[in-house]
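Input: a single structure, listed below in structure tokens.
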Amino acid sequence: MTSDSQTEKKLSDMPDDKGHFGQYGGMFVPETLMEPLEELKQAYFNYMQDQEFLNELDNDLKNYVGRPSPLYFAERLSRELGGAKIYLKREDLNHTGAHKVNNTVGQMLLAKRMGKTRIIAETGAGQHGVATATVAARLGLECVVYMGAEDIQRQALNVYRMKLLGARVVSVESGSRTLKDALNEAMRDWVTNIDKTFYIIGTAAGPHPYPALVRDFQAIIGRETRQQIMEHEGRLPDALVACIGGGSNAIGLFYPFVDDHDVSMYGVEAAGHGLETGEHAAPLCAGKPGVLHGNRTYLMEDRHGQIIPTHSVSAGLDYPGVGPEHSWLKDIGRANYVAVTDEEALSAFHELTQVEGIMPALESSHAIAYVKKLAPTMDKEQIIVVNLSGRGDKDIHTVATIDGIEF
Amino acid sequence: MSRIKGCFAQLKEQHKKALIPYVAAGDPNPDITVDLMHAMVASGADIIELGVPFSDPMADGPVIQKASERALVYGTSLSDVLAMIKVFREQDNSTPVVLMGYLNPIEIMGYETFAKAAQDAGVDGVLTVDIPPEEADDYVPALKAHALDPIFLLSPTTTKERMRHICEYASGFIYYVSVKGVTGTSALDTSEVAQRLKIINEVTDLPVGVGFGIKNAETAAAIGKVSEAVVVGSALVNLVEQNAHDTLGNDKIIKDISQVLLSMRAALDA
Ligand SMILES: Cc1ncc(COP(=O)(O)O)c(C=O)c1O
């Protein structure tokens, strides 16, 4: 091997075999989970090269999820913003209304192949919980979803949806009673019931192989986008924009483009009440590296290494960590990470609804809010693709309350 | 010789088993910890395992989670815990102290800074629940450079091959987690534990302590028959919880925990 092969190493070759993206990622878990993770890693490596598995996945994505999702030219929004052409990748049109189902369909197929009979998941906004309960119902498997007590309050509709689908929703009362605590509780369940249980993590975080595995199941978003934008425009986009909770919809869109250095990438975090207030959920913009939930990544933590409470109007972004691949893409300068406030996201929610007749999830509204800033700085010839990760129906209650409306 | 090694050597000579109580530092308030440590030694503890409170104790059951939460109300940090140990050492220079906790507080302090501070404070071993040897290439040398024993966990899911690998990194003793689950889990199967310990003893000469699920004198004695040490945690932390909200609770907590340890000591020595 010459030293040239070093420089030819592609960004898409990550992670290494221990699950590291540079200094990030890895497997920081209690010993009891090391063997189950090894087993999962083997299954994932084997099945991602197994044609029969991939055919079944394709078939489910097409006929159950409803893929490919359209790439829609938002002509009026583009005109109003007066800059780049804006395309929306319509993950909101998937079955269950968000990108989350791409991942749960994939992980459920793995669970089935591995002979697991019990499914657990954590959820914040409830979208991942619904997407998990949905695929569990389809296979008739027992399903337990952990959800922070605080989030159960905020997302009552999704809690009921999960129950209708036959899942048991367990209220998590420990810690800050939000998504991070639900993840802790799901890990505790997994450690206790590893023999028959498959843990479907909902974002591109957690210990290896989860960040890579979730990315690979979500990368269908970026692969379709590549093909669709070639059909529409005959070239790749200039910029990609996606919101970042744990980072799964963003990495799903970004990953198939990471080696196309002319395509810039913007991950949009939740600035909550403003980065300067400390009340936000923007570890990449305002946190520092640490270890939580099985991986090393940017975190919101105090100077003693305790994880601190987060705030976002959007429950799906209200998480103090982020998938490790984003931490690495930030440090090497391949992707840009920015943040928009609750207020900016809400305004974008209303604008997209009124201008395009598409009601985005509050999570996705963060991405739209950043597009409102970015597009006017670009030429009319340039192209932005923004991931519309989910639909806003689940958030109507939240928005109405903020607008002072009672039902 | 390290305090931990010396302790096990002495116990072996006396044909005794090590009793290792776990409490969380700063639980239910920072005032109690040093006194409680001394009281536990007086009641038969051979090694003290001191929990470092963490906001996200992923491997702990509800009892120890709440202990962490109570300690964090007072903001008990890793530096505070080291300061407590320093005070403990003013009167006790022989009982080994092992820190048990999660990686992030150590990570933020920096491995080298932490290891030096821990050595200065009189810490003997460090058990970090969420760092397997695969991730420990910087962590273990930093500890060893400061005469700290890296304690690692083995679990019912650990293969023999992995045991070998882990034992290459470990010193002091090996901690065998007796059940699949979090701390505070019940249902400990003594004969299964005995079988696993046989395999572990084939792999390493290090003494083995067994934890998770030791509730009372009876289970302590049963496990003491097959291992070199028993670790008891949630059963003690439960006693903290029962008196946590009483202003005069500290004395009662110390009395209750001492009583349980005395009964375990007697059962182990019988
Ligand atoms: C619609 C939607 N978008 C985005 C997210 C954030 O997650 P991630 O960053 O993993 O895409 C969520 C999480 O619940 C969501 O429901």
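Each chain of the structure tokens is named A, B, ... in the order shown, its residues numbered from 1; ligands are numbered from 1 in display order.
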
For ligand 1, return the neighbouring residues as a PyMOL selection string (distance at most 9 Å; only C-alpha atoms and all ligand atoms). chain A and resi 91-92+97-100+123-129+202-205+242-252+269+314-318+322-323+360-365+387-392

Name the residues of region 204-319 of chain A that come out as strand (DSSP E) in a backbone DSSP run; write them as a PyMOL selection string. chain A and resi 239-243+264-272+288-292+294-299

With 10 Å as the limit and counting only C-alpha atoms, what residues in chain B lie close to chain A? Please list them as a count of residues only. 54

Between B:Leu261, B:Ala170, B:Gly249, B:Val52, single out the one closest to Leu236 (chain B), counting only C-alpha atoms.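 Closest to Leu236 (chain B) of all the choices is B:Leu261.
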
Go through A:Glu56, A:Leu213, A:Asn63, A:Lys9 one by one, measure the shortest atom-to-atom distance of each to Lys41 (chain A) using only C-alpha atoms, and give the residue with the smallest value. A:Leu213

For each of A:Ala375, A:Leu11, A:Val340, A:Lys394, take the minimum atom-to-atom distance to Tyr160 (chain A), counting only C-alpha atoms, then give the residue where this is smallest.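 Comparing A:Ala375, A:Leu11, A:Val340, A:Lys394 against Tyr160 (chain A), the winner is A:Lys394.
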
If we count only C-alpha atoms, what is near Ala281 (chain A) at a cut-off of 10 Å, once residues fewer than 6 positions away on the same chain are taken out, given as an MDAnalysis selection string? chainID A and resid 244:245 269:275 287 299:300 308:314 317:322 339 341

Write out as JSON, numbers by chain which residues come within 12 Å of Arg3 (chain B) when counting only C-alpha atoms, dropping same-chain ones fewer than 5 positions away. {"B": [8, 9, 10, 46, 47, 48, 92, 93, 94, 95, 96, 97, 98, 119, 122, 123, 124, 125, 147, 148, 149, 171, 172, 173]}

So which residues touch Tyr175 (chain B) within 6 Å, counting only C-alpha atoms, skipping near sequence neighbours fewer than 2 positions away, as a PyMOL selection string? chain B and resi 153+208-210

Point-to-point distance from CA of Met1 (chain B) to CA of Gln14 (chain B), Å rounded to tenths: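 Spanning CA of Met1 (chain B) to CA of Gln14 (chain B) is a straight-line distance of 18.1 Å.
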
Among region 47-280 of chain A, which residues does DSSP mark as helix (DSSP H, G or I) when it is run on the backbone? Keep the chain and numbering as in the structure and answer as a ChimeraX atom specification. /A:47,51-65,75-81,91-93,95-97,100-113,127-139,149-154,156-164,179-192,210-218,220-233,248-257,275-277
